[in-house]
Amino acid sequence: MSLIEAVVATAVLVVGVAALLHLFLVAARATSDSRDDTYATVLALQKIEELRARPFSAVPETVEYLDARGAAVAGPAPGRLYERRWVVEPLPADLRDAVAMTVVVFRRGARDRAVRLSTIRTRRDQ
């Protein structure tokens, strides 16, 4: 094997390893994003269930900040990881015995990747 062949083989090996490294980085990022989306969905579901258990009434838009375990953090403190917003508003007059509940959960620094859950509650749900 000549020196040229060895250099070409090394270059091919380096390109292949670099491609694999990039693939691992992309997969790690996708796994992390999926974990965050799943956890944000759980946080949104918890709030929807909490709102459904409350008395039947409208609630103005409210926000709370959560840490990595889902515990409330006072204000937008540095330890917050998630921001959870919700609103309960009445539906039009023809459905006055119903309210729409919407919960949105953002991960800090990723407002474009929000989880939004909405449901309608009627008085018969009580």
# chains A, B, ... in the order shown; residues from 1 in each chain; ligands from 1
call {"tool": "residues_around", "arguments": {"residues": "segment 96-100 of chain A", "least_positions_apart": "6", "cutoff": "10 Å", "atoms": "only C-alpha atoms", "output": "compact mmCIF listing (two decimals) with N, CA and C atoms, in the first residue's frame"}}
result
# COMPACT_ATOMS: atom_id res chain seq x y z
N PHE A 56 -67.20 25.47 38.49
CA PHE A 56 -67.47 25.90 37.12
C PHE A 56 -67.44 27.42 37.04
N SER A 57 -66.38 28.00 36.53
CA SER A 57 -66.29 29.45 36.36
C SER A 57 -65.12 29.78 35.43
N ALA A 58 -65.15 31.00 34.92
CA ALA A 58 -64.06 31.47 34.06
C ALA A 58 -62.88 31.88 34.93
N VAL A 59 -61.69 31.72 34.39
CA VAL A 59 -60.46 32.10 35.07
C VAL A 59 -59.65 32.93 34.08
N VAL A 87 -55.93 29.53 30.68
CA VAL A 87 -57.09 30.42 30.69
C VAL A 87 -58.34 29.55 30.57
N VAL A 88 -59.37 29.95 31.30
CA VAL A 88 -60.68 29.32 31.20
C VAL A 88 -61.65 30.43 30.84
N GLU A 89 -62.28 30.31 29.68
CA GLU A 89 -63.16 31.38 29.22
C GLU A 89 -64.49 30.80 28.75
N PRO A 90 -65.56 31.56 28.94
CA PRO A 90 -66.88 31.08 28.51
C PRO A 90 -66.96 31.00 26.99
N SER A 118 -56.21 21.92 24.80
CA SER A 118 -57.48 22.61 24.96
C SER A 118 -58.58 21.58 25.14
N THR A 119 -59.58 21.94 25.93
CA THR A 119 -60.74 21.08 26.12
C THR A 119 -61.93 21.96 26.43
N ILE A 120 -63.11 21.38 26.33
CA ILE A 120 -64.34 22.09 26.67
C ILE A 120 -64.99 21.36 27.83
N ARG A 121 -65.43 22.12 28.80
CA ARG A 121 -66.11 21.55 29.95
C ARG A 121 -67.53 22.06 29.99
N THR A 122 -68.46 21.18 30.23
CA THR A 122 -69.87 21.57 30.35
C THR A 122 -70.32 21.34 31.78
N ARG A 123 -71.45 21.91 32.12
CA ARG A 123 -71.97 21.73 33.48
C ARG A 123 -72.31 20.27 33.75
N ARG A 124 -72.62 19.51 32.73
CA ARG A 124 -72.92 18.09 32.92
C ARG A 124 -71.69 17.29 33.34
N ASP A 125 -70.47 17.88 33.12
CA ASP A 125 -69.24 17.19 33.53
C ASP A 125 -69.11 17.13 35.04
call {"tool": "select_by_dssp", "arguments": {"residues": "chain A", "states": "helix (DSSP H, G or I)", "output": "MDAnalysis selection string"}}
result
chainID A and resid 3:53 93:95 123:125
call {"tool": "closest_residue", "arguments": {"among": "A:Asp37, A:Val63, A:Ile48, A:Gly75", "to": "Arg113 of chain A", "atoms": "only C-alpha atoms"}}
result
A:Asp37
